[in-house]
Amino acid sequence: MNTTKRYTVTSALPYANGALHLGHLAGAYLPADIFVRYLRLLGKDVVWVCGSDEHGAAITIRAKKEGISPRAIIDKYHELNKGSFERLGISFDIYHRTSADLHHETAQDFFKHLDAKGGEFEEKTNEQYYDEEYNQFLADRYITGTCPKCAHTEAYGDQCENCGSDLSPTELINPKSTLSGKTPILKETTHWYFKLDKHAAWLQEWIENGQVEGKEHHNPKAWKNHVLGQCLSWLSDLRPRAITRDLDWGIPVPAKGADGKVLYVWFDAPIGYISATKQWAIDNNKNWEDYWKSEDAELIHFIGKDNIVFHCIVFPAMLKAHGDYVLPTNVPANQFLNFEGRKFSKSKGWGIEMHQYLEEFKDFPNKEDALRYALIRNMPESKDADFKWDEFVEFHDNELVANIGNFINRVVVLTNKYYEGIVPEAINNESAASELASVHTIITELCQEIEKYNFRNAIQKLMELSSVGNTYLQDVSPWKIWKEDPECQAVKNCLHNCIQIVGFLSVLCEPFIPFSSDKIRALLNLPKVNSGNLASLLDLFKAQKSLIPAGHKIGDPTLLFAKIHDRKDHSRLELIEKQKADLQAILDAEVPPHEPVKDTTTYDDFVKLDIRTGTIVEAEKVKKTDKLLKLTVDVGFEKRTIVSGIAKHYKPEDLVGQEVVLLVNLAPRKLRGVESQGMILTAENTKGELCLISPKQVFGNGFVVK
RNA sequence: GGCGAGGUAGCUCAGCUGGUUAGAGCGCAGGAUUCAUAAUCCUGAGGUCGAGAGUUCAAGUCUCUCUCUCGCUACCA
């Protein structure tokens with residue numbers, strides 16, 4: 001590790017309108033926890049900040065729906081998430097919230113500074129939907145209407161939750177305000193935009209080469225591939241981004257003519273890292289600027305991949321535009337965790353939330369570390385990963401129980417049996433030199449892996465450490481020697497060395513499985529690990545001194561982990577089986593997905609559609625498209641050119657001669673430069689497969705379908 | 001179509017700037033052992049490194065083409 005004096009570590013601020021699930025935990029919190037605990041063990045000066053992100057329209061909407069205040073929502077989820085984190089050993093230095101006054105001030109100051117500086121913002125006026133009854137502009141989420149793509153009648157202004165397509169409010173058919181239920185009008189409004197585009201050049205240099213203004217800033221090779229890739233693909237097309245909204249929930253924009261406007265959440269949220277640090281500094285008698293404005297401060301953002309663009313482009317641009325702040329030296333974004341083969345989905349009940357796990361596994365011994373271990377072992381560090389209960393069981397029983405737990409138990413039992421728990425002295429210990437050397441190598445590698453954010457590898461090193469212990473114990477087989485000669489020095493040496501390994505484990509496992517670390521320390525009759533413990537451990541090792549000296553009395557043997565596949569006690573296996581059964585029940589209960597039935601229409605409306613039979617006479621692909629075919633269709637009285645999105649399902653040559661049914665009085669429209677004069681009718685099933693609709697027998701062209 | 005990531009043993013993945021018979025863990029098969037939560041330890045089987053072409057004395061590793069998976073994006077009348 002380099003000579004940096006301070007670390008400022010952040011984890012993505014959870015949005016306070018819902019509970020976090022295991023995917024969030026594995027993405028941005030657990031990895032940061034490992035990293036920060038490790039730094040603390042080395043005695044580094046580090047602050048790790050996080051907190052609730054409590055603004056934005058989604059919260060006000062939810063509050064309205066549930067008939068409670070936004071404040072009630074954020075209080076509820078702030079407490080819930082904060083509590084779950086604590087119970088899982090996520091050791092933030094502060095879990096702040098963006099509703100705090102300190103944050104409001106900080107964010108407003110930040111805005112004012114950029115505004116006063118000039119050149120960073122611009123104001124633009126455009127038309128947005130406005131609710132005349134409530135006299136306010138409507139955020140995207142406040143408008144519902146019919147989705148233009150799937151005809152779902154309750155699509156939001158920014159997204160249709162039925163078909164998943166991203167929308168803009170003006171695309172909605174029949175828009176309605178969720179406040180008054182009435183049709184909103186379009187009205188001009190002014191917003192502030194952050195001129196992101198003007199930062200493109202230095203951002204590129206910074207991300208690609210790790211240099212800022214010709215000065216080396218960080219090693220770009222230390223960044224994850226997928227992070228670099230995504231950043232660079234964004235850089236080619238940076239545009240000014242709106243940073244204000246017409247909303248009454250959030251941080252008021254501190255500028256003239258900004259009544260009724262608040263800072264857009266993505267602008268205020270990352271500033272939350274700064275305000276959290278300020279609050280922590282006040283509470284702990286520190287100077288927050290040392291962690292944000294000092295050259296020897298190293299800023300690291302832990303996030304999920306959905307946040308890469310904000311943390312690698314937008315926020316750095318904000319910091320640089322401001323001028324006084326350091327830029328992140330790394331953004332080790334994780335990919336996504338799936339759950340038993342599917343995406344986590346709250347609405348479908350797929351997956352498990354942190355508080356839910358804690359509740360349902362409340363009788364499971366060492367449940368926190370069991371979960372942490374499984375998530376770390378299979379962390380989505382460089383590609384999406386999948387959480388499976390079967391793997392959870394395997395990791396737990398084969399690795400935590402059979403490898404680490406068993407080794408520690410063997411050593412503690414033997415020491416108690418042979419020496420009444422007193423650590424024996426090692427004399428002429430050279431025979432164990434190779435074991436101790438490999439222990440040293442593993443410890444070194446473990447540290448390096450953590451420093452490279454490779455936590456999966458790191459935790460496997462932990463397992464290697466206890467494997468070396470197990471192998472060593474097996475090689476010496478002290479129980480054999482002891483039967484012949486209880487006073488034999490070889491037995492004493494062996495157990496002395498094994499206890500040292502247990503001691504190393506107790507320290508090195510702390511970043512990963514802190515609850516177990518405490519238990520191992522208790523077994524060894526030692527205090528909990530503390531800041532700087534790893535540094536002194538490494539020093540002792542160098543000086544070839546024992547971590548736990550001869551004569552020290554260790555505790556009585558107790559089990560660290562209880563096997564899930566236990567012959568006598570099936571309770572834990574049943575717990576797992578229940579989880580699996582619950583998932584199966586969801587799968588079984590699933591109604592075949594279907595399009596919602598549209599609103600009732602009339603015969604008069606129906607006859608407006610002129611649907612006729614026809615025959616495809618020519619077909620070719622439209623260039624530079626995936627799905628589009630240009631078809632010439634004979635409708636009897638004339639030939640029509642029709643562009644149709646069926647290229648993924650039909651080859652042009654197979655279509656010629658095919659009879660079809662088509663809408664002939666649809667207004668013509670250009671698609672990719674080709675004018676389409678109608679629409680071929682197809683059906684689409686849930687797999688997305690298309691089927692042309694056509695007469696059952698040869699019928700002739702141009703006849704009306706009714 | 002554009003951009004990004006990825007396709008390596010049954011499964012999950014390592015393989016840096018190209019260099020001897022391609023690795024680990026799990027799983028599997030055989031053996032050893034009993035201090036230990038039927039845990040541990042040893043040995044072994046298993047891969048034409050997505051396909052093809054090229055550069056090179058030498059390619060999983062570089063270049064090109066193709067193909068499949070995932071994400072973003074365009075398009076779907």
# chains A, B, ... in the order shown; residues from 1 in each chain; ligands from 1
>>> closest_atom_pairs(of="chain B", to="chain A", cutoff="6 Å", atoms="only C-alpha atoms (C1' of nucleotides)", output="tab-separated table")
residue	atom	partner	partner_atom	distance
B:G1	C1'	A:Lys624	CA	4.4
B:C3	C1'	A:Ser233	CA	6.0
B:G4	C1'	A:Gly229	CA	5.5
B:A5	C1'	A:His226	CA	5.9
B:C35	C1'	A:Arg410	CA	5.9
B:A36	C1'	A:Arg410	CA	4.8
B:A39	C1'	A:Ala402	CA	5.3
B:C41	C1'	A:Gln474	CA	5.9
B:C76	C1'	A:Gly645	CA	4.8
B:A77	C1'	A:Met679	CA	6.0
>>> select_by_dssp(residues="range 287-491 of chain A", states="strand (DSSP E or B)", output="VMD selection string")
chain A and resid 297 to 302 304 328 to 330 334 337 to 339 342 345 350 353 385 to 387 422
>>> write_last_selection(atoms="N, CA, C and O atoms", output="tab-separated table (two decimals), in the first residue's frame")
chain	number	residue	atom	x	y	z
A	297	ALA	N	-5.38	12.83	0.44
A	297	ALA	CA	-6.63	12.09	0.68
A	297	ALA	C	-6.95	11.26	-0.56
A	297	ALA	O	-6.89	11.74	-1.68
A	298	GLU	N	-7.25	10.00	-0.33
A	298	GLU	CA	-7.59	9.12	-1.44
A	298	GLU	C	-9.07	8.79	-1.38
A	298	GLU	O	-9.54	8.23	-0.39
A	299	LEU	N	-9.78	9.18	-2.43
A	299	LEU	CA	-11.24	9.01	-2.45
A	299	LEU	C	-11.61	7.77	-3.25
A	299	LEU	O	-11.16	7.59	-4.39
A	300	ILE	N	-12.40	6.90	-2.65
A	300	ILE	CA	-12.80	5.65	-3.32
A	300	ILE	C	-14.31	5.47	-3.19
A	300	ILE	O	-14.86	5.49	-2.09
A	301	HIS	N	-14.97	5.30	-4.33
A	301	HIS	CA	-16.42	5.11	-4.33
A	301	HIS	C	-16.76	3.65	-4.57
A	301	HIS	O	-16.42	3.09	-5.61
A	302	PHE	N	-17.50	3.05	-3.65
A	302	PHE	CA	-18.03	1.70	-3.89
A	302	PHE	C	-19.49	1.85	-4.34
A	302	PHE	O	-20.30	2.48	-3.64
A	304	GLY	N	-22.72	0.09	-7.34
A	304	GLY	CA	-23.11	-0.93	-8.29
A	304	GLY	C	-22.95	-0.38	-9.69
A	304	GLY	O	-22.80	0.83	-9.88
A	328	PRO	N	-11.89	10.95	-7.32
A	328	PRO	CA	-11.73	9.56	-6.88
A	328	PRO	C	-10.52	8.89	-7.55
A	328	PRO	O	-10.30	9.10	-8.74
A	329	THR	N	-9.80	8.11	-6.77
A	329	THR	CA	-8.67	7.37	-7.35
A	329	THR	C	-9.11	6.02	-7.88
A	329	THR	O	-8.43	5.41	-8.67
A	330	ASN	N	-10.26	5.57	-7.40
A	330	ASN	CA	-10.81	4.36	-7.99
A	330	ASN	C	-12.31	4.29	-7.71
A	330	ASN	O	-12.78	4.82	-6.71
A	334	ASN	N	-19.21	-2.86	-8.68
A	334	ASN	CA	-19.53	-4.27	-8.88
A	334	ASN	C	-20.63	-4.40	-9.91
A	334	ASN	O	-21.39	-3.48	-10.16
A	337	LEU	N	-25.93	-8.86	-8.81
A	337	LEU	CA	-26.15	-10.20	-8.27
A	337	LEU	C	-27.57	-10.62	-8.64
A	337	LEU	O	-28.52	-9.88	-8.40
A	338	ASN	N	-27.70	-11.77	-9.23
A	338	ASN	CA	-29.02	-12.34	-9.47
A	338	ASN	C	-29.35	-13.29	-8.33
A	338	ASN	O	-28.49	-13.60	-7.50
A	339	PHE	N	-30.57	-13.74	-8.31
A	339	PHE	CA	-31.01	-14.59	-7.21
A	339	PHE	C	-31.66	-15.84	-7.79
A	339	PHE	O	-32.72	-15.73	-8.42
A	342	ARG	N	-32.61	-15.42	-11.48
A	342	ARG	CA	-33.41	-14.30	-11.97
A	342	ARG	C	-33.00	-13.02	-11.28
A	342	ARG	O	-32.36	-13.05	-10.24
A	345	SER	N	-36.57	-9.07	-7.61
A	345	SER	CA	-37.77	-8.32	-7.94
A	345	SER	C	-38.67	-8.24	-6.73
A	345	SER	O	-39.19	-9.24	-6.25
A	350	TRP	N	-39.28	-11.98	-5.54
A	350	TRP	CA	-38.11	-12.80	-5.89
A	350	TRP	C	-36.85	-12.22	-5.25
A	350	TRP	O	-36.49	-11.08	-5.53
A	353	GLU	N	-34.56	-9.67	1.16
A	353	GLU	CA	-34.03	-8.39	1.61
A	353	GLU	C	-33.21	-8.61	2.88
A	353	GLU	O	-33.37	-9.63	3.57
A	385	ALA	N	-23.25	-12.21	-11.07
A	385	ALA	CA	-23.15	-13.48	-10.36
A	385	ALA	C	-24.56	-13.90	-9.94
A	385	ALA	O	-25.52	-13.14	-10.07
A	386	ASP	N	-24.65	-15.11	-9.46
A	386	ASP	CA	-25.95	-15.66	-9.13
A	386	ASP	C	-25.91	-16.25	-7.72
A	386	ASP	O	-25.05	-17.07	-7.42
A	387	PHE	N	-26.80	-15.78	-6.87
A	387	PHE	CA	-26.88	-16.33	-5.52
A	387	PHE	C	-27.79	-17.55	-5.54
A	387	PHE	O	-28.92	-17.48	-5.98
A	422	ILE	N	-2.82	-24.42	27.91
A	422	ILE	CA	-1.66	-23.51	27.95
A	422	ILE	C	-0.85	-23.67	26.67
A	422	ILE	O	-0.49	-24.80	26.30
>>> residues_around(residues="A45 in chain B", least_positions_apart="4", cutoff="12 Å", atoms="only C-alpha atoms (C1' of nucleotides)", output="number ranges by chain")
B: 9, 28-30
>>> write_last_selection(atoms="C-alpha atoms (C1' of nucleotides)", output="tab-separated table (two decimals), in the first residue's frame")
chain	number	residue	atom	x	y	z
B	9	A	C1'	-12.28	-28.89	-17.20
B	28	C	C1'	-16.44	-37.08	-9.05
B	29	A	C1'	-13.17	-41.80	-8.37
B	30	G	C1'	-9.48	-44.36	-5.40
>>> residues_around(residues="range 190-194 of chain A", least_positions_apart="3", cutoff="8 Å", atoms="only C-alpha atoms (C1' of nucleotides)", output="compact mmCIF listing (two decimals) with C-alpha atoms, in the first residue's frame")
# COMPACT_ATOMS: atom_id res chain seq x y z
CA GLU A 120 -20.67 25.79 -15.43
CA PHE A 121 -24.43 26.21 -15.57
CA GLU A 122 -26.86 27.38 -18.15
CA GLU A 123 -30.55 28.01 -17.91
CA LYS A 124 -32.88 26.58 -20.50
CA THR A 125 -36.58 26.96 -20.97
CA ASN A 126 -38.82 24.32 -22.42
CA PRO A 240 -25.64 19.32 -20.45
CA ARG A 241 -27.78 17.73 -17.77
CA ALA A 242 -30.70 19.31 -15.97
CA ILE A 243 -29.92 19.66 -12.27
CA THR A 244 -33.17 21.18 -11.08
CA ARG A 245 -36.76 19.98 -10.96
>>> residues_around(residues="Asp259 in chain A", least_positions_apart="2", cutoff="12 Å", atoms="only C-alpha atoms (C1' of nucleotides)", output="PyMOL selection string")
chain A and resi 136-137+189-191+244-248+251-257+261-263
>>> closest_residue(among="B:C68, B:A22, B:A38, B:C75", to="U8 in chain B", atoms="only C-alpha atoms (C1' of nucleotides)")
B:A22
